[in-house]
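Undergrad: Encoded as structure tokens, here's the structure I'll be asking about.
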Amino acid sequence: MSETEAPSERQGRLRADGALVLLTVLWGTTFVVVKDALSHGDPFTFLSLRFGVGASVLSVLAGRQLFSPTHLRRGAVLGVFLFLGFALQTVGLTDTTPSRSAFITGMYVLLVPLVMLALFRRVPRVSSLVGVVLSAMGLYYLTGAEVGSERLSTGDLLTLGCAVAYAFHIAFTDRYAPREGVQALVAVQLWVVTLLSVACLPFVEVRVQWAPAFIGAVLFCGVFASAMALSVQTWAQARTTAVRAAIIYSLEPVFAAGFSLVLGYEKLGVREWVGGGLIILGVLVAELGSALWVRWRAREAAQV
């Protein structure tokens, strides 16, 4: 992103960032939905059905664009990283605690700037880096994870692999996100996740109860939390930066905790409130700090 953005570019970026905030609200609601669904079915069956539904919906909308060589190639790369993120997190949860899993997964907010620098030589602004650090601190307090209290388990290491996969997915989405043809690119990656999830079924205990809660969760997550959400993510990342997107995504556990609190699933203490506040502060620093930096640079240029 240029240091001297045109007003139209700045407005487009702010709309994209706003769309990503709304997206994290949607993802926050899925925590409770998926938790209930997994009491009726195993994770890989749920993933196969969820992403299969989303892929089918977007395939209809994408039409012939689905078979574009560019979309097939780029969608395959994104789909592999997306699947690895879901799969490693799911398997990792068998050997770690939910709080540690949530915190380690959220470390993609720290990894995205490193991936962007290593792969694409993209250096984030100082305000974005400050936002990254604040968000990471907030995740630590919000999740209640005691990561340093004991040696990392196999589940922790698998979850760290999940964070790396998500960081690469965000980085390559930033690189590949088109201005047009979003549905086709997202449909391909959803088909990849579906096929890889199906390929895992022979190696796990398949368990499905066709309860209304399970079917509803498949449809809701497939259409809204997968097809629509990833389309919005791809559209928005074509108009903002990967680091800013990662910071905004860190709001997801804040909204998830809020919905869990409203629905009576958990109670939040001082530590959780501090964590949520730090994440929100990180987002504000990245947003307002960037705007102030652009304004200051424009004023300096005008004086010269």
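By convention in this document, the chains of the structure tokens carry letters A, B, ... by their order, each chain's residues are numbered from 1, and ligands are numbered from 1 in the order they are shown.
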I'd like the neighbourhood of Leu196 (chain A) as a PyMOL selection string, where a residue qualifies if any of its atoms comes within 9 Å (using only C-alpha atoms), though same-chain residues fewer than 6 positions away should be ignored.
TA: chain A and resi 48+80+83
Undergrad: With N, CA and C atoms retained, export the selected residues as a short mmCIF file (atom, residue, chain, number, x, y, z; two decimals), in the first residue's frame.
TA:
```cif
data_model
loop_
_atom_site.label_atom_id
_atom_site.label_comp_id
_atom_site.auth_asym_id
_atom_site.auth_seq_id
_atom_site.Cartn_x
_atom_site.Cartn_y
_atom_site.Cartn_z
N SER A 48 -16.09 -32.11 5.44
CA SER A 48 -16.41 -32.55 4.08
C SER A 48 -17.75 -31.99 3.63
N VAL A 80 -5.00 -25.95 -0.20
CA VAL A 80 -4.10 -26.79 0.60
C VAL A 80 -3.78 -26.13 1.93
N PHE A 83 -6.94 -26.18 4.16
CA PHE A 83 -7.18 -27.51 4.72
C PHE A 83 -6.20 -27.81 5.84
#
```
Undergrad: Which neighbours of Phe214 (chain A) fall inside 12 Å, counting only C-alpha atoms, when residues of the same chain fewer than 2 positions from it are skipped, and could you give them as a CSV table (one decimal) with all heavy atoms, in the first residue's frame?
TA:
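To be explicit, this is the file written out as out-v3.csv:
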```
chain,number,residue,atom,x,y,z
A,33,VAL,N,-21.9,-22.7,17.1
A,33,VAL,CA,-22.6,-23.6,16.1
A,33,VAL,C,-21.8,-24.9,15.9
A,33,VAL,O,-22.3,-26.0,15.9
A,33,VAL,CB,-22.8,-22.8,14.8
A,33,VAL,CG1,-23.4,-23.8,13.8
A,33,VAL,CG2,-23.7,-21.6,15.0
A,34,VAL,N,-20.5,-24.7,15.6
A,34,VAL,CA,-19.6,-25.9,15.3
A,34,VAL,C,-19.5,-26.8,16.6
A,34,VAL,O,-19.5,-28.0,16.5
A,34,VAL,CB,-18.2,-25.4,14.8
A,34,VAL,CG1,-17.3,-26.6,14.7
A,34,VAL,CG2,-18.4,-24.7,13.5
A,35,LYS,N,-19.4,-26.1,17.8
A,35,LYS,CA,-19.2,-26.9,19.0
A,35,LYS,C,-20.4,-27.8,19.2
A,35,LYS,O,-20.3,-29.0,19.5
A,35,LYS,CB,-19.1,-26.0,20.2
A,35,LYS,CG,-19.0,-26.6,21.5
A,35,LYS,CD,-18.9,-25.6,22.7
A,35,LYS,CE,-18.8,-26.3,24.0
A,35,LYS,NZ,-17.6,-27.1,24.2
A,36,ASP,N,-21.6,-27.3,18.9
A,36,ASP,CA,-22.9,-28.2,19.0
A,36,ASP,C,-22.9,-29.2,17.9
A,36,ASP,O,-23.3,-30.4,18.1
A,36,ASP,CB,-24.1,-27.3,18.9
A,36,ASP,CG,-24.3,-26.4,20.1
A,36,ASP,OD1,-23.7,-26.7,21.2
A,36,ASP,OD2,-25.0,-25.4,20.0
A,37,ALA,N,-22.4,-28.8,16.7
A,37,ALA,CA,-22.5,-29.8,15.6
A,37,ALA,C,-21.6,-31.0,15.8
A,37,ALA,O,-21.9,-32.1,15.5
A,37,ALA,CB,-22.1,-29.1,14.3
A,38,LEU,N,-20.4,-30.8,16.4
A,38,LEU,CA,-19.4,-31.8,16.6
A,38,LEU,C,-19.9,-32.8,17.7
A,38,LEU,O,-19.2,-33.9,17.8
A,38,LEU,CB,-18.1,-31.2,16.9
A,38,LEU,CG,-17.4,-30.5,15.8
A,38,LEU,CD1,-16.0,-29.9,16.2
A,38,LEU,CD2,-17.2,-31.4,14.6
A,39,SER,N,-20.9,-32.5,18.4
A,39,SER,CA,-21.5,-33.5,19.3
A,39,SER,C,-22.3,-34.5,18.5
A,39,SER,O,-22.7,-35.5,19.1
A,39,SER,CB,-22.3,-32.8,20.4
A,39,SER,OG,-23.5,-32.2,19.8
A,40,HIS,N,-22.6,-34.3,17.3
A,40,HIS,CA,-23.4,-35.1,16.4
A,40,HIS,C,-22.6,-35.8,15.3
A,40,HIS,O,-23.2,-36.6,14.6
A,40,HIS,CB,-24.6,-34.4,15.8
A,40,HIS,CG,-25.5,-33.8,16.9
A,40,HIS,ND1,-26.4,-34.5,17.6
A,40,HIS,CD2,-25.7,-32.5,17.3
A,40,HIS,CE1,-27.1,-33.8,18.4
A,40,HIS,NE2,-26.7,-32.5,18.2
A,41,GLY,N,-21.4,-35.4,15.1
A,41,GLY,CA,-20.6,-35.9,14.0
A,41,GLY,C,-19.1,-35.7,14.2
A,41,GLY,O,-18.7,-34.8,14.9
A,42,ASP,N,-18.3,-36.5,13.5
A,42,ASP,CA,-16.8,-36.3,13.6
A,42,ASP,C,-16.4,-35.1,12.8
A,42,ASP,O,-17.1,-34.7,11.8
A,42,ASP,CB,-16.1,-37.6,13.1
A,42,ASP,CG,-16.4,-37.8,11.6
A,42,ASP,OD1,-17.4,-38.4,11.3
A,42,ASP,OD2,-15.5,-37.4,10.8
A,43,PRO,N,-15.2,-34.6,13.1
A,43,PRO,CA,-14.8,-33.3,12.5
A,43,PRO,C,-14.6,-33.4,11.0
A,43,PRO,O,-15.0,-32.5,10.2
A,43,PRO,CB,-13.4,-33.1,13.1
A,43,PRO,CG,-13.5,-33.7,14.5
A,43,PRO,CD,-14.3,-35.0,14.2
A,45,THR,N,-16.0,-35.5,8.7
A,45,THR,CA,-17.3,-35.6,8.0
A,45,THR,C,-17.9,-34.2,8.0
A,45,THR,O,-18.5,-33.8,6.9
A,45,THR,CB,-18.2,-36.6,8.7
A,45,THR,OG1,-17.7,-37.9,8.7
A,45,THR,CG2,-19.6,-36.6,8.1
A,46,PHE,N,-17.9,-33.5,9.1
A,46,PHE,CA,-18.4,-32.1,9.2
A,46,PHE,C,-17.7,-31.2,8.2
A,46,PHE,O,-18.4,-30.5,7.4
A,46,PHE,CB,-18.3,-31.6,10.6
A,46,PHE,CG,-18.8,-30.1,10.7
A,46,PHE,CD1,-20.2,-29.9,10.7
A,46,PHE,CD2,-18.0,-29.1,10.8
A,46,PHE,CE1,-20.7,-28.6,10.7
A,46,PHE,CE2,-18.4,-27.8,10.9
A,46,PHE,CZ,-19.8,-27.5,10.9
A,47,LEU,N,-16.4,-31.3,8.1
A,47,LEU,CA,-15.7,-30.5,7.2
A,47,LEU,C,-16.0,-30.8,5.7
A,47,LEU,O,-16.1,-29.9,4.9
A,47,LEU,CB,-14.1,-30.6,7.4
A,47,LEU,CG,-13.6,-30.0,8.7
A,47,LEU,CD1,-12.1,-30.3,8.8
A,47,LEU,CD2,-13.8,-28.5,8.8
A,49,LEU,N,-18.8,-32.1,4.5
A,49,LEU,CA,-20.1,-31.6,4.2
A,49,LEU,C,-20.1,-30.1,4.1
A,49,LEU,O,-20.7,-29.5,3.2
A,49,LEU,CB,-21.1,-32.1,5.2
A,49,LEU,CG,-21.3,-33.7,5.2
A,49,LEU,CD1,-22.2,-34.1,6.4
A,49,LEU,CD2,-22.0,-34.1,3.9
A,50,ARG,N,-19.5,-29.5,5.1
A,50,ARG,CA,-19.5,-28.0,5.2
A,50,ARG,C,-18.9,-27.4,3.9
A,50,ARG,O,-19.5,-26.5,3.3
A,50,ARG,CB,-18.8,-27.5,6.4
A,50,ARG,CG,-18.4,-26.0,6.4
A,50,ARG,CD,-17.6,-25.7,7.6
A,50,ARG,NE,-17.1,-24.3,7.5
A,50,ARG,CZ,-16.5,-23.6,8.5
A,50,ARG,NH1,-16.3,-24.3,9.6
A,50,ARG,NH2,-16.2,-22.4,8.4
A,207,ARG,N,-18.5,-40.7,12.4
A,207,ARG,CA,-19.7,-40.7,13.3
A,207,ARG,C,-20.6,-39.6,12.9
A,207,ARG,O,-20.2,-38.4,12.9
A,207,ARG,CB,-19.1,-40.5,14.7
A,207,ARG,CG,-20.2,-40.3,15.8
A,207,ARG,CD,-19.6,-40.2,17.1
A,207,ARG,NE,-18.7,-39.0,17.2
A,207,ARG,CZ,-19.1,-37.8,17.4
A,207,ARG,NH1,-20.3,-37.5,17.6
A,207,ARG,NH2,-18.2,-36.8,17.4
A,208,VAL,N,-21.8,-39.9,12.5
A,208,VAL,CA,-22.8,-38.9,12.1
A,208,VAL,C,-24.2,-39.3,12.6
A,208,VAL,O,-24.7,-40.4,12.5
A,208,VAL,CB,-22.9,-38.9,10.5
A,208,VAL,CG1,-23.9,-37.8,10.1
A,208,VAL,CG2,-21.5,-38.6,9.9
A,209,GLN,N,-24.8,-38.3,13.3
A,209,GLN,CA,-26.2,-38.3,13.7
A,209,GLN,C,-26.9,-37.2,12.9
A,209,GLN,O,-26.5,-36.0,13.2
A,209,GLN,CB,-26.3,-38.2,15.2
A,209,GLN,CG,-25.7,-39.3,16.0
A,209,GLN,CD,-25.7,-39.0,17.5
A,209,GLN,OE1,-26.1,-37.9,17.9
A,209,GLN,NE2,-25.3,-39.9,18.3
A,210,TRP,N,-27.8,-37.5,12.1
A,210,TRP,CA,-28.4,-36.5,11.2
A,210,TRP,C,-29.5,-35.7,12.0
A,210,TRP,O,-30.7,-35.6,11.7
A,210,TRP,CB,-29.1,-37.1,10.0
A,210,TRP,CG,-28.0,-37.8,9.1
A,210,TRP,CD1,-27.7,-39.1,9.0
A,210,TRP,CD2,-27.1,-37.1,8.3
A,210,TRP,NE1,-26.7,-39.3,8.1
A,210,TRP,CE2,-26.3,-38.1,7.7
A,210,TRP,CE3,-26.9,-35.7,8.0
A,210,TRP,CZ2,-25.3,-37.7,6.8
A,210,TRP,CZ3,-25.8,-35.4,7.1
A,210,TRP,CH2,-25.1,-36.4,6.5
A,211,ALA,N,-29.0,-35.1,13.1
A,211,ALA,CA,-29.9,-34.2,13.9
A,211,ALA,C,-30.1,-32.9,13.3
A,211,ALA,O,-29.2,-32.4,12.5
A,211,ALA,CB,-29.3,-34.1,15.3
A,212,PRO,N,-31.2,-32.2,13.5
A,212,PRO,CA,-31.4,-30.9,13.0
A,212,PRO,C,-30.2,-29.9,13.2
A,212,PRO,O,-29.9,-29.1,12.4
A,212,PRO,CB,-32.7,-30.4,13.6
A,212,PRO,CG,-33.4,-31.7,14.0
A,212,PRO,CD,-32.3,-32.6,14.3
A,216,GLY,N,-28.3,-28.2,10.3
A,216,GLY,CA,-28.3,-26.7,10.2
A,216,GLY,C,-26.9,-26.1,10.3
A,216,GLY,O,-26.7,-25.1,9.6
A,217,ALA,N,-26.0,-26.7,11.1
A,217,ALA,CA,-24.7,-26.2,11.2
A,217,ALA,C,-23.9,-26.4,9.8
A,217,ALA,O,-23.2,-25.5,9.4
A,217,ALA,CB,-23.9,-27.0,12.3
A,218,VAL,N,-24.2,-27.5,9.2
A,218,VAL,CA,-23.5,-27.8,7.9
A,218,VAL,C,-24.0,-26.7,6.9
A,218,VAL,O,-23.1,-26.1,6.1
A,218,VAL,CB,-23.9,-29.2,7.4
A,218,VAL,CG1,-23.5,-29.3,5.9
A,218,VAL,CG2,-23.1,-30.2,8.2
A,219,LEU,N,-25.3,-26.4,6.8
A,219,LEU,CA,-25.8,-25.5,5.9
A,219,LEU,C,-25.3,-24.0,6.2
A,219,LEU,O,-24.9,-23.3,5.3
A,219,LEU,CB,-27.3,-25.5,5.8
A,219,LEU,CG,-27.9,-26.9,5.3
A,219,LEU,CD1,-29.4,-26.8,5.4
A,219,LEU,CD2,-27.5,-27.1,3.9
A,220,PHE,N,-25.4,-23.7,7.5
A,220,PHE,CA,-25.0,-22.3,7.9
A,220,PHE,C,-23.5,-22.1,7.7
A,220,PHE,O,-23.1,-21.1,7.1
A,220,PHE,CB,-25.4,-22.1,9.4
A,220,PHE,CG,-24.9,-20.8,9.9
A,220,PHE,CD1,-25.6,-19.6,9.7
A,220,PHE,CD2,-23.7,-20.7,10.7
A,220,PHE,CE1,-25.2,-18.4,10.1
A,220,PHE,CE2,-23.3,-19.5,11.2
A,220,PHE,CZ,-24.0,-18.3,10.9
A,221,CYS,N,-22.7,-23.0,8.1
A,221,CYS,CA,-21.3,-22.9,8.0
A,221,CYS,C,-20.9,-23.0,6.5
A,221,CYS,O,-19.9,-22.3,6.0
A,221,CYS,CB,-20.5,-23.9,8.8
A,221,CYS,SG,-20.7,-23.6,10.6
A,222,GLY,N,-21.5,-23.9,5.8
A,222,GLY,CA,-21.2,-24.1,4.3
A,222,GLY,C,-21.5,-22.8,3.5
A,222,GLY,O,-20.6,-22.4,2.7
```
Undergrad: Taking the backbone alone, and naming residues the way the document does, which bits of region 41-257 of chain A are alpha helix (DSSP H) by DSSP, as number ranges by chain?
TA: A: 43-62, 69-92, 98-105, 108-120, 126-143, 154-176, 182-200, 212-220, 229-237, 242-249, 252-257
Undergrad: Given only C-alpha atoms as the basis, pick out the residue of A:Leu14, A:Val126, A:Val132, A:Val182 nearest to Ala227 (chain A).
TA: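 Among the listed residues, the smallest separation from Ala227 (chain A) belongs to A:Val182.
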Undergrad: Between CA of Leu22 (chain A) and CA of Thr97 (chain A), what is the distance, to one decimal in Å?
TA: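 Atom-to-atom, CA of Leu22 (chain A) and CA of Thr97 (chain A) are spaced 28.0 Å apart.
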Undergrad: Each residue of region 27-124 of chain A lying at most 10 Å from region 229-239 of chain A should get a row with its shortest atom-to-atom pair and the distance in Å to one decimal, counting only C-alpha atoms; could you produce that, ordered by chain and increasing number, as a tab-separated table?
TA:
```
residue	atom	partner	partner_atom	distance
A:Trp27	CA	A:Ala229	CA	8.1
A:Gly54	CA	A:Leu230	CA	9.7
A:Leu58	CA	A:Ser231	CA	9.1
```
Undergrad: Select, from A:Thr30, A:Ser59, A:Thr241, A:Gln65, the residue with the minimum atom-to-atom distance to Arg175 (chain A), counting only C-alpha atoms.
TA: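 Among A:Thr30, A:Ser59, A:Thr241, A:Gln65, it is A:Thr241 that comes nearest to Arg175 (chain A).
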Undergrad: Show which residues sit within 12 Å of Leu195 (chain A), as a compact mmCIF listing (two decimals) with all heavy atoms, in the first residue's frame. Count only C-alpha atoms, and ignore same-chain residues fewer than 2 positions away.
TA:
```txt
# COMPACT_ATOMS: atom_id res chain seq x y z
N PHE A 44 -14.04 -34.53 10.45
CA PHE A 44 -13.76 -34.58 9.02
C PHE A 44 -15.02 -34.80 8.19
O PHE A 44 -15.11 -34.33 7.05
CB PHE A 44 -12.71 -35.65 8.72
CG PHE A 44 -11.32 -35.23 9.10
CD1 PHE A 44 -10.73 -35.69 10.26
CD2 PHE A 44 -10.61 -34.33 8.31
CE1 PHE A 44 -9.46 -35.28 10.63
CE2 PHE A 44 -9.34 -33.91 8.66
CZ PHE A 44 -8.76 -34.39 9.83
N THR A 45 -16.01 -35.49 8.74
CA THR A 45 -17.29 -35.58 8.04
C THR A 45 -17.94 -34.20 7.99
O THR A 45 -18.48 -33.79 6.95
CB THR A 45 -18.23 -36.56 8.75
OG1 THR A 45 -17.67 -37.88 8.69
CG2 THR A 45 -19.60 -36.59 8.08
N LEU A 47 -16.40 -31.30 8.12
CA LEU A 47 -15.65 -30.46 7.18
C LEU A 47 -15.98 -30.81 5.73
O LEU A 47 -16.13 -29.93 4.88
CB LEU A 47 -14.14 -30.60 7.41
CG LEU A 47 -13.58 -29.99 8.70
CD1 LEU A 47 -12.08 -30.27 8.81
CD2 LEU A 47 -13.84 -28.50 8.78
N SER A 48 -16.09 -32.11 5.44
CA SER A 48 -16.41 -32.55 4.08
C SER A 48 -17.75 -31.99 3.63
O SER A 48 -17.89 -31.47 2.51
CB SER A 48 -16.43 -34.08 4.00
OG SER A 48 -15.18 -34.63 4.36
N LEU A 49 -18.75 -32.08 4.50
CA LEU A 49 -20.09 -31.61 4.16
C LEU A 49 -20.14 -30.09 4.11
O LEU A 49 -20.72 -29.50 3.19
CB LEU A 49 -21.10 -32.14 5.18
CG LEU A 49 -21.31 -33.66 5.18
CD1 LEU A 49 -22.15 -34.08 6.38
CD2 LEU A 49 -21.97 -34.12 3.89
N ARG A 50 -19.53 -29.46 5.10
CA ARG A 50 -19.54 -27.98 5.17
C ARG A 50 -18.93 -27.37 3.92
O ARG A 50 -19.54 -26.52 3.26
CB ARG A 50 -18.78 -27.53 6.41
CG ARG A 50 -18.44 -26.04 6.41
CD ARG A 50 -17.58 -25.66 7.61
NE ARG A 50 -17.15 -24.27 7.53
CZ ARG A 50 -16.53 -23.62 8.52
NH1 ARG A 50 -16.26 -24.25 9.65
NH2 ARG A 50 -16.18 -22.36 8.38
N PHE A 51 -17.72 -27.78 3.59
CA PHE A 51 -17.04 -27.17 2.45
C PHE A 51 -17.61 -27.66 1.12
O PHE A 51 -17.56 -26.94 0.12
CB PHE A 51 -15.54 -27.43 2.54
CG PHE A 51 -14.86 -26.60 3.58
CD1 PHE A 51 -14.50 -27.14 4.80
CD2 PHE A 51 -14.63 -25.26 3.37
CE1 PHE A 51 -13.89 -26.38 5.78
CE2 PHE A 51 -14.03 -24.46 4.33
CZ PHE A 51 -13.66 -25.03 5.55
N GLY A 52 -18.20 -28.88 1.11
CA GLY A 52 -18.86 -29.34 -0.10
C GLY A 52 -20.07 -28.49 -0.43
O GLY A 52 -20.32 -28.16 -1.61
N ALA A 55 -18.72 -25.09 -1.65
CA ALA A 55 -18.15 -25.20 -3.00
C ALA A 55 -19.23 -25.32 -4.05
O ALA A 55 -19.13 -24.74 -5.14
CB ALA A 55 -17.22 -26.42 -3.05
N ALA A 76 -5.92 -24.05 -5.85
CA ALA A 76 -5.35 -25.27 -5.29
C ALA A 76 -4.35 -24.96 -4.19
O ALA A 76 -4.34 -25.59 -3.13
CB ALA A 76 -4.68 -26.09 -6.40
N GLY A 79 -6.29 -23.67 -1.23
CA GLY A 79 -7.07 -24.75 -0.64
C GLY A 79 -6.23 -25.66 0.23
O GLY A 79 -6.67 -26.12 1.30
N VAL A 80 -5.00 -25.95 -0.20
CA VAL A 80 -4.10 -26.79 0.60
C VAL A 80 -3.78 -26.13 1.93
O VAL A 80 -3.85 -26.76 3.00
CB VAL A 80 -2.82 -27.11 -0.18
CG1 VAL A 80 -1.78 -27.76 0.74
CG2 VAL A 80 -3.12 -28.03 -1.36
N PHE A 83 -6.94 -26.18 4.16
CA PHE A 83 -7.18 -27.51 4.72
C PHE A 83 -6.20 -27.81 5.84
O PHE A 83 -6.58 -28.33 6.89
CB PHE A 83 -7.08 -28.57 3.63
CG PHE A 83 -7.05 -29.97 4.18
CD1 PHE A 83 -8.23 -30.58 4.61
CD2 PHE A 83 -5.85 -30.67 4.30
CE1 PHE A 83 -8.20 -31.86 5.15
CE2 PHE A 83 -5.83 -31.95 4.83
CZ PHE A 83 -7.00 -32.54 5.26
N VAL A 188 -12.78 -23.04 -6.02
CA VAL A 188 -11.72 -24.04 -6.22
C VAL A 188 -11.09 -24.44 -4.89
O VAL A 188 -10.90 -25.63 -4.61
CB VAL A 188 -10.64 -23.50 -7.18
CG1 VAL A 188 -9.46 -24.46 -7.24
CG2 VAL A 188 -11.21 -23.30 -8.58
N GLN A 189 -10.78 -23.45 -4.05
CA GLN A 189 -10.14 -23.82 -2.78
C GLN A 189 -11.10 -24.57 -1.87
O GLN A 189 -10.67 -25.47 -1.13
CB GLN A 189 -9.53 -22.61 -2.08
CG GLN A 189 -10.45 -21.46 -1.75
CD GLN A 189 -9.68 -20.34 -1.06
OE1 GLN A 189 -9.01 -20.53 -0.03
NE2 GLN A 189 -9.75 -19.15 -1.62
N LEU A 190 -12.40 -24.28 -1.94
CA LEU A 190 -13.36 -25.04 -1.13
C LEU A 190 -13.47 -26.49 -1.62
O LEU A 190 -13.61 -27.41 -0.81
CB LEU A 190 -14.73 -24.37 -1.17
CG LEU A 190 -14.85 -23.00 -0.49
CD1 LEU A 190 -16.29 -22.53 -0.47
CD2 LEU A 190 -14.28 -23.04 0.92
N TRP A 191 -13.40 -26.69 -2.94
CA TRP A 191 -13.40 -28.06 -3.46
C TRP A 191 -12.15 -28.81 -3.02
O TRP A 191 -12.21 -30.02 -2.70
CB TRP A 191 -13.50 -28.06 -4.99
CG TRP A 191 -14.88 -27.88 -5.53
CD1 TRP A 191 -15.32 -26.90 -6.37
CD2 TRP A 191 -16.02 -28.72 -5.27
NE1 TRP A 191 -16.66 -27.07 -6.65
CE2 TRP A 191 -17.12 -28.17 -5.99
CE3 TRP A 191 -16.23 -29.86 -4.50
CZ2 TRP A 191 -18.39 -28.74 -5.96
CZ3 TRP A 191 -17.50 -30.43 -4.45
CH2 TRP A 191 -18.56 -29.88 -5.18
N VAL A 192 -11.01 -28.12 -2.98
CA VAL A 192 -9.78 -28.76 -2.52
C VAL A 192 -9.91 -29.20 -1.07
O VAL A 192 -9.55 -30.33 -0.70
CB VAL A 192 -8.57 -27.81 -2.70
CG1 VAL A 192 -7.33 -28.37 -2.02
CG2 VAL A 192 -8.30 -27.58 -4.18
N VAL A 193 -10.43 -28.32 -0.21
CA VAL A 193 -10.62 -28.67 1.20
C VAL A 193 -11.60 -29.84 1.32
O VAL A 193 -11.39 -30.76 2.13
CB VAL A 193 -11.13 -27.46 2.00
CG1 VAL A 193 -11.39 -27.85 3.45
CG2 VAL A 193 -10.13 -26.32 1.95
N SER A 197 -10.57 -33.44 2.86
CA SER A 197 -11.30 -33.89 4.05
C SER A 197 -11.89 -35.28 3.83
O SER A 197 -11.83 -36.15 4.71
CB SER A 197 -12.42 -32.90 4.40
OG SER A 197 -11.89 -31.63 4.71
N VAL A 198 -12.45 -35.51 2.64
CA VAL A 198 -13.00 -36.82 2.30
C VAL A 198 -11.88 -37.87 2.30
O VAL A 198 -12.07 -39.01 2.77
CB VAL A 198 -13.69 -36.79 0.93
CG1 VAL A 198 -14.04 -38.19 0.45
CG2 VAL A 198 -14.95 -35.92 0.99
N ALA A 199 -10.71 -37.49 1.81
CA ALA A 199 -9.57 -38.42 1.78
C ALA A 199 -9.13 -38.84 3.18
O ALA A 199 -8.51 -39.91 3.34
CB ALA A 199 -8.40 -37.77 1.03
N CYS A 200 -9.43 -38.04 4.19
CA CYS A 200 -9.06 -38.37 5.57
C CYS A 200 -10.04 -39.32 6.24
O CYS A 200 -9.71 -39.93 7.27
CB CYS A 200 -8.95 -37.09 6.40
SG CYS A 200 -7.56 -36.03 5.94
N LEU A 201 -11.25 -39.46 5.70
CA LEU A 201 -12.29 -40.24 6.35
C LEU A 201 -11.91 -41.70 6.61
O LEU A 201 -12.26 -42.25 7.66
CB LEU A 201 -13.60 -40.16 5.54
CG LEU A 201 -14.28 -38.78 5.55
CD1 LEU A 201 -15.52 -38.80 4.66
CD2 LEU A 201 -14.65 -38.38 6.97
```
Undergrad: When distances are computed from only C-alpha atoms, which of A:Leu158, A:Leu110, A:Ile280, A:Leu61 shows the smallest separation from Gln183 (chain A)?
TA: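 Nearest to Gln183 (chain A): A:Leu61.
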Undergrad: Could you name the residues that touch region 161-168 of chain A at 9 Å or less, counting only C-alpha atoms, but leaving out those on the same chain fewer than 6 positions away, as a VMD selection string?
TA: chain A and resid 78 80 to 89 92 104 to 113 115 to 116 246
